[in-house]
$ cat final22.tsv   # TSV, C-alpha atoms
chain	number	residue	atom	x	y	z
V	13	MET	CA	28.33	-33.67	-0.79
V	14	GLN	CA	27.38	-37.07	0.63
V	15	HIS	CA	26.40	-39.43	-2.15
V	16	PRO	CA	23.12	-41.37	-1.89
V	17	ASN	CA	24.64	-44.67	-2.97
V	18	LYS	CA	24.58	-47.61	-0.56
V	19	LYS	CA	28.09	-48.91	0.17
V	20	LEU	CA	28.77	-52.63	0.17
V	21	THR	CA	31.68	-53.43	2.47
V	22	ASP	CA	31.68	-57.10	3.49
V	23	TYR	CA	34.16	-58.85	1.21
V	24	ARG	CA	32.56	-62.26	1.93
V	25	ARG	CA	29.18	-60.98	0.71
V	26	LEU	CA	30.86	-59.36	-2.28
V	27	TYR	CA	32.62	-62.61	-3.15
V	28	LYS	CA	29.26	-64.38	-3.05
V	29	LEU	CA	27.63	-61.72	-5.26
V	30	TYR	CA	30.55	-61.99	-7.69
V	31	ASN	CA	30.28	-65.79	-7.89
V	32	GLU	CA	26.51	-65.58	-8.34
V	33	GLY	CA	27.07	-63.58	-11.53
V	34	ALA	CA	26.46	-59.98	-10.42
V	35	ILE	CA	27.59	-57.35	-12.90
V	36	PHE	CA	29.99	-54.68	-11.70
V	37	THR	CA	31.30	-51.48	-13.24
V	38	ALA	CA	34.68	-50.23	-12.06
V	39	PHE	CA	35.03	-46.56	-12.95
V	40	ASP	CA	37.29	-43.60	-12.44
V	41	THR	CA	37.11	-39.89	-13.12
V	42	GLU	CA	39.78	-37.33	-13.86
V	43	THR	CA	38.79	-33.83	-12.78
V	44	THR	CA	39.90	-30.21	-12.97
V	45	THR	CA	40.05	-29.82	-9.16
V	46	ILE	CA	39.37	-31.85	-6.02
V	47	THR	CA	36.06	-30.11	-5.31
V	48	PRO	CA	32.90	-30.84	-7.32
V	49	THR	CA	31.46	-27.41	-6.52
V	50	THR	CA	34.27	-25.70	-8.45
V	51	GLY	CA	35.63	-28.49	-10.65
V	52	ARG	CA	34.45	-30.51	-13.60
V	53	ILE	CA	35.03	-34.02	-14.87
V	54	ILE	CA	37.46	-34.10	-17.80
V	55	GLU	CA	37.53	-37.87	-18.29
V	56	ILE	CA	35.53	-40.94	-17.29
V	57	GLY	CA	36.73	-44.48	-17.83
V	58	ALA	CA	34.77	-47.58	-16.90
V	59	VAL	CA	34.92	-51.35	-17.28
V	60	LYS	CA	31.85	-53.55	-16.92
V	61	PHE	CA	32.65	-57.07	-15.75
V	62	SER	CA	31.39	-60.20	-14.05
V	63	LYS	CA	32.93	-63.47	-12.90
V	64	ASP	CA	33.01	-64.46	-16.58
V	65	GLY	CA	35.35	-61.58	-17.42
V	66	LEU	CA	35.27	-58.19	-19.08
V	67	ILE	CA	31.92	-57.34	-20.69
V	68	SER	CA	32.69	-53.92	-22.15
V	69	ASN	CA	34.35	-50.60	-21.48
V	70	TRP	CA	33.40	-46.93	-21.76
V	71	THR	CA	35.71	-43.94	-21.91
V	72	ASN	CA	35.46	-40.32	-22.93
V	73	LEU	CA	37.22	-36.98	-22.55
V	74	PHE	CA	35.12	-33.88	-21.86
V	75	TYR	CA	35.40	-30.16	-22.45
V	76	PRO	CA	35.25	-28.60	-18.94
V	77	ALA	CA	34.95	-24.91	-19.94
V	78	GLN	CA	37.87	-24.35	-17.54
V	79	THR	CA	41.60	-23.99	-17.89
V	80	LEU	CA	43.50	-27.05	-16.65
V	81	SER	CA	46.12	-26.35	-14.01
V	82	PRO	CA	49.72	-27.42	-14.61
V	83	PHE	CA	49.27	-29.86	-11.70
V	84	ILE	CA	46.34	-31.64	-13.40
V	85	ILE	CA	48.13	-31.70	-16.77
V	86	ASN	CA	51.24	-33.18	-15.15
V	87	LEU	CA	49.25	-35.72	-13.12
V	88	THR	CA	46.93	-36.96	-15.87
V	89	HIS	CA	48.85	-36.12	-19.04
V	90	ILE	CA	45.56	-34.72	-20.33
V	91	THR	CA	46.35	-31.44	-22.07
V	92	GLN	CA	44.25	-28.35	-22.56
V	93	GLU	CA	44.22	-29.07	-26.29
V	94	MET	CA	42.80	-32.54	-25.66
V	95	VAL	CA	39.85	-31.26	-23.64
V	96	ASP	CA	39.32	-28.19	-25.83
V	97	GLY	CA	38.67	-30.57	-28.72
V	98	ALA	CA	36.25	-32.74	-26.72
V	99	ASP	CA	32.48	-32.52	-26.33
V	100	PRO	CA	30.96	-31.21	-23.09
V	101	ILE	CA	29.92	-33.89	-20.61
V	102	GLN	CA	26.21	-33.19	-21.14
V	103	ASP	CA	26.57	-34.69	-24.63
V	104	HIS	CA	27.62	-38.06	-23.18
V	105	ILE	CA	26.39	-38.37	-19.60
V	106	ALA	CA	23.17	-40.16	-20.63
V	107	SER	CA	25.30	-42.76	-22.41
V	108	PHE	CA	27.41	-43.29	-19.30
V	109	LEU	CA	24.37	-43.54	-17.03
V	110	SER	CA	22.97	-46.16	-19.39
V	111	PHE	CA	26.30	-48.02	-19.30
V	112	ILE	CA	26.28	-48.27	-15.48
V	113	LYS	CA	22.55	-48.99	-15.16
V	114	ASP	CA	21.77	-52.04	-13.04
V	115	THR	CA	25.42	-52.62	-12.13
V	116	ILE	CA	27.27	-52.39	-8.83
V	117	LEU	CA	29.81	-49.57	-9.03
V	118	VAL	CA	33.42	-50.06	-7.95
V	119	ALA	CA	35.78	-47.14	-7.40
V	120	HIS	CA	38.92	-46.35	-5.42
V	121	ASN	CA	37.97	-43.56	-2.99
V	122	ALA	CA	34.42	-43.91	-4.30
V	123	GLN	CA	33.00	-40.87	-2.56
V	124	PHE	CA	35.28	-38.59	-4.62
V	125	ASP	CA	34.20	-40.05	-7.97
V	126	LEU	CA	30.54	-40.30	-7.01
V	127	ASN	CA	30.44	-36.73	-5.73
V	128	PHE	CA	31.76	-35.50	-9.06
V	129	LEU	CA	29.50	-37.79	-11.09
V	130	ASN	CA	26.41	-36.81	-9.13
V	131	ALA	CA	27.31	-33.10	-9.35
V	132	GLU	CA	27.61	-33.45	-13.13
V	133	CYS	CA	24.27	-35.32	-13.23
V	134	GLN	CA	22.60	-32.44	-11.41
V	135	THR	CA	24.28	-29.82	-13.61
V	136	CYS	CA	23.13	-31.66	-16.73
V	137	GLY	CA	19.55	-32.14	-15.45
V	138	TYR	CA	19.76	-35.86	-14.68
V	139	PRO	CA	18.91	-37.56	-11.39
V	140	VAL	CA	21.87	-38.60	-9.26
V	141	THR	CA	22.97	-42.22	-9.37
V	142	HIS	CA	21.62	-44.69	-6.84
V	143	ASN	CA	23.74	-47.71	-7.74
V	144	LYS	CA	25.19	-49.75	-4.92
V	145	VAL	CA	28.89	-48.99	-4.61
V	146	ILE	CA	32.08	-50.67	-3.45
V	147	ASP	CA	35.01	-48.56	-2.35
V	148	THR	CA	38.24	-50.45	-2.99
V	149	LEU	CA	40.11	-47.96	-0.78
V	150	GLN	CA	37.96	-48.95	2.20
V	151	LEU	CA	38.02	-52.61	1.18
V	152	SER	CA	41.82	-52.68	0.89
V	153	ARG	CA	42.19	-51.09	4.33
V	154	GLU	CA	40.05	-53.86	5.79
V	155	ARG	CA	41.74	-56.69	3.89
V	156	PHE	CA	45.34	-55.44	4.13
V	157	PRO	CA	45.58	-53.50	7.40
V	158	ASN	CA	49.36	-53.91	7.62
V	159	PHE	CA	50.00	-51.85	4.49
V	160	SER	CA	51.30	-48.36	5.19
V	161	LYS	CA	49.54	-46.94	2.12
V	162	HIS	CA	46.36	-47.71	0.27
V	163	LYS	CA	46.68	-45.54	-2.82
V	164	LEU	CA	45.74	-47.31	-6.03
V	165	ASP	CA	49.25	-46.98	-7.51
V	166	PHE	CA	50.86	-48.39	-4.36
V	167	LEU	CA	48.48	-51.36	-4.20
V	168	ALA	CA	48.88	-52.08	-7.92
V	169	ASP	CA	52.66	-52.17	-7.46
V	170	ALA	CA	52.39	-54.31	-4.31
V	171	PHE	CA	50.20	-56.89	-6.07
V	172	LYS	CA	51.87	-56.60	-9.48
V	173	ILE	CA	48.70	-55.36	-11.19
V	174	ASP	CA	49.36	-53.79	-14.59
V	175	LYS	CA	48.54	-50.10	-14.10
V	176	GLY	CA	48.72	-49.04	-17.73
V	177	SER	CA	48.86	-45.22	-17.67
V	178	SER	CA	48.16	-44.23	-14.07
V	179	HIS	CA	45.83	-41.27	-13.66
V	180	ARG	CA	44.07	-41.94	-16.92
V	181	ALA	CA	40.52	-42.94	-16.17
V	182	LEU	CA	40.17	-46.15	-18.18
V	183	ASP	CA	43.49	-47.60	-16.99
V	184	ASP	CA	42.68	-46.68	-13.38
V	185	ALA	CA	39.26	-48.33	-13.77
V	186	LYS	CA	40.92	-51.53	-15.02
V	187	THR	CA	43.38	-51.42	-12.11
V	188	CYS	CA	40.49	-50.91	-9.70
V	189	MET	CA	38.67	-53.92	-11.17
V	190	GLU	CA	41.72	-56.13	-10.61
V	191	LEU	CA	42.20	-54.81	-7.07
V	192	PHE	CA	38.52	-55.47	-6.31
V	193	LYS	CA	38.79	-59.09	-7.49
V	194	LEU	CA	41.89	-59.57	-5.37
V	195	CYS	CA	40.29	-57.97	-2.28
V	196	ILE	CA	37.18	-60.15	-2.34
V	197	ASN	CA	38.97	-63.44	-2.92
V	198	PRO	CA	39.05	-65.25	0.45
V	199	GLU	CA	41.85	-67.52	-0.78
V	200	LYS	CA	44.17	-64.56	-1.28
V	201	TYR	CA	46.13	-63.14	1.62
$ encode --input "final22.tsv" --output "C-alpha cells"
Amino acid sequence: MQHPNKKLTDYRRLYKLYNEGAIFTAFDTETTTITPTTGRIIEIGAVKFSKDGLISNWTNLFYPAQTLSPFIINLTHITQEMVDGADPIQDHIASFLSFIKDTILVAHNAQFDLNFLNAECQTCGYPVTHNKVIDTLQLSRERFPNFSKHKLDFLADAFKIDKGSSHRALDDAKTCMELFKLCINPEKY
C-alpha cells in the first residue's frame, strides 16, 4: 500500500521548519508481521517535540487477536501475555490520531509504519492519515552516503544516541527523534 502522506526530504528546508517552531511527532510501530494485510500493530510509541524540546509522549500495547511468532517475541521482547492483557487498537487509535494531529511525522522507514497505521485506521473505520512525513532512513542515506548501513540501531551506535530498549516503540521513536535532529543540522557532518 502506498501511503498518501507527502514526504519532506530537503534537510535544509526541514532545518528551517524546525527553527521556525514546527511541531514534529517521531513514532514507531511494532507489528506481528511485515505485511499490513496479514499483520497487526502490537505497539505504538511516539514523541512530540519542537526546537524547544520534548512536548509529550504517547505509548500503548495492543491486543492483535493473533499469536506472536517467536521471531517477533525475540526481536521486541513483547510477549504473548503482554498483548493478551492489552486493549485492541480500536480502543486507542482515536487518541493516537489526536496526538499526531497537526504535526509533521518522523519515522525510520516511514512507509512501513505508515502502511500499518493507515491499514489499522481503515480497519477501525477512521480515515487514513494525511500528515506530512519525514523518513529518517531516506534522510540518513542522503546526509551520510558513506555509511554502509542505515538501520536505526547502526546509526544510533555510530552517533552515540541512547537507544534505550531497541525494538520497543517508544524507545525507537526517541532514537528516531534524535537522529532526525542530527540529520537536519547543517553544522553536523
$ axis_aligned_box --input "final22.tsv" --around "range 164-178 of chain V" --padding-each-side "4 Å" --output "lines of an AutoDock Vina configuration file"
center_x = 49.2
center_y = -50.6
center_z = -11.0
size_x = 14.9
size_y = 20.7
size_z = 21.5
$ atom_distance --input "final22.tsv" --atom1 "CA of Leu182 in chain V" --atom2 "CA of Pro157 in chain V"
27.2 Å
$ closest_residue --input "final22.tsv" --among "V:Lys186, V:His89, V:His104, V:Lys63" --to "Tyr30 in chain V" --atoms "only C-alpha atoms"
V:Lys63
$ residues_around --input "final22.tsv" --residues "Ser81 in chain V" --least-positions-apart "2" --cutoff "9 Å" --atoms "all atoms listed in the file" --output "MDAnalysis selection string"
chainID V and resid 44:45 79 83:86 92
$ closest_residue --input "final22.tsv" --among "V:Ile173, V:Asn197, V:Met189, V:Leu129" --to "Thr49 in chain V" --atoms "only C-alpha atoms"
V:Leu129
$ decode --input "final22.tsv" --residues "range 66-77 of chain V" --atoms "all heavy atoms" --output "compact mmCIF listing (two decimals), in the first residue's frame"
# COMPACT_ATOMS: atom_id res chain seq x y z
N LEU V 66 11.15 18.26 24.13
CA LEU V 66 10.09 17.26 24.17
C LEU V 66 8.81 17.89 24.71
O LEU V 66 8.81 18.54 25.75
CB LEU V 66 10.52 16.09 25.06
CG LEU V 66 9.59 14.91 25.15
CD1 LEU V 66 9.46 14.21 23.79
CD2 LEU V 66 10.10 13.92 26.18
N ILE V 67 7.70 17.69 24.00
CA ILE V 67 6.41 18.22 24.42
C ILE V 67 5.65 17.15 25.20
O ILE V 67 5.16 17.41 26.30
CB ILE V 67 5.59 18.71 23.20
CG1 ILE V 67 6.33 19.86 22.51
CG2 ILE V 67 4.18 19.12 23.62
CD1 ILE V 67 5.79 20.24 21.15
N SER V 68 5.54 15.97 24.63
CA SER V 68 4.86 14.86 25.32
C SER V 68 5.13 13.56 24.57
O SER V 68 5.66 13.57 23.47
CB SER V 68 3.36 15.12 25.42
OG SER V 68 2.77 15.27 24.15
N ASN V 69 4.76 12.45 25.22
CA ASN V 69 4.90 11.17 24.54
C ASN V 69 3.60 10.38 24.66
O ASN V 69 2.74 10.69 25.48
CB ASN V 69 6.12 10.40 25.02
CG ASN V 69 6.07 10.03 26.47
OD1 ASN V 69 5.06 9.55 26.97
ND2 ASN V 69 7.15 10.23 27.18
N TRP V 70 3.51 9.36 23.80
CA TRP V 70 2.32 8.50 23.74
C TRP V 70 2.81 7.09 23.47
O TRP V 70 3.60 6.87 22.55
CB TRP V 70 1.41 8.99 22.61
CG TRP V 70 0.03 8.41 22.59
CD1 TRP V 70 -1.09 9.03 23.04
CD2 TRP V 70 -0.40 7.15 22.07
NE1 TRP V 70 -2.19 8.22 22.85
CE2 TRP V 70 -1.79 7.06 22.24
CE3 TRP V 70 0.26 6.07 21.48
CZ2 TRP V 70 -2.53 5.95 21.85
CZ3 TRP V 70 -0.47 4.97 21.09
CH2 TRP V 70 -1.85 4.91 21.27
N THR V 71 2.33 6.13 24.25
CA THR V 71 2.71 4.75 24.01
C THR V 71 1.61 3.82 24.48
O THR V 71 0.90 4.13 25.45
CB THR V 71 4.06 4.40 24.68
OG1 THR V 71 4.46 3.08 24.28
CG2 THR V 71 3.99 4.48 26.18
N ASN V 72 1.44 2.71 23.76
CA ASN V 72 0.43 1.74 24.13
C ASN V 72 0.72 0.40 23.47
O ASN V 72 1.21 0.36 22.34
CB ASN V 72 -0.96 2.22 23.68
CG ASN V 72 -2.01 1.95 24.72
OD1 ASN V 72 -2.05 0.87 25.30
ND2 ASN V 72 -2.87 2.93 24.95
N LEU V 73 0.43 -0.66 24.20
CA LEU V 73 0.43 -2.02 23.65
C LEU V 73 -0.99 -2.35 23.22
O LEU V 73 -1.95 -1.84 23.81
CB LEU V 73 0.86 -3.04 24.71
CG LEU V 73 2.34 -3.14 25.03
CD1 LEU V 73 2.54 -4.01 26.27
CD2 LEU V 73 3.11 -3.71 23.87
N PHE V 74 -1.12 -3.25 22.23
CA PHE V 74 -2.44 -3.61 21.71
C PHE V 74 -2.60 -5.11 21.59
O PHE V 74 -1.64 -5.82 21.26
CB PHE V 74 -2.67 -2.98 20.33
CG PHE V 74 -2.47 -1.50 20.32
CD1 PHE V 74 -1.35 -0.96 19.71
CD2 PHE V 74 -3.36 -0.65 20.94
CE1 PHE V 74 -1.14 0.40 19.70
CE2 PHE V 74 -3.16 0.73 20.94
CZ PHE V 74 -2.05 1.25 20.32
N TYR V 75 -3.82 -5.56 21.80
CA TYR V 75 -4.18 -6.96 21.58
C TYR V 75 -4.40 -7.16 20.08
O TYR V 75 -5.29 -6.54 19.49
CB TYR V 75 -5.44 -7.30 22.36
CG TYR V 75 -5.97 -8.67 22.06
CD1 TYR V 75 -5.25 -9.80 22.43
CD2 TYR V 75 -7.18 -8.84 21.40
CE1 TYR V 75 -5.73 -11.07 22.15
CE2 TYR V 75 -7.67 -10.11 21.11
CZ TYR V 75 -6.94 -11.21 21.49
OH TYR V 75 -7.41 -12.47 21.20
N PRO V 76 -3.60 -8.03 19.42
CA PRO V 76 -3.70 -8.17 17.97
C PRO V 76 -4.66 -9.25 17.49
O PRO V 76 -4.88 -9.38 16.29
CB PRO V 76 -2.27 -8.53 17.57
CG PRO V 76 -1.78 -9.34 18.73
CD PRO V 76 -2.41 -8.71 19.95
N ALA V 77 -5.21 -10.05 18.40
CA ALA V 77 -6.04 -11.21 18.04
C ALA V 77 -5.26 -12.16 17.13
O ALA V 77 -5.81 -12.77 16.22
CB ALA V 77 -7.35 -10.77 17.37
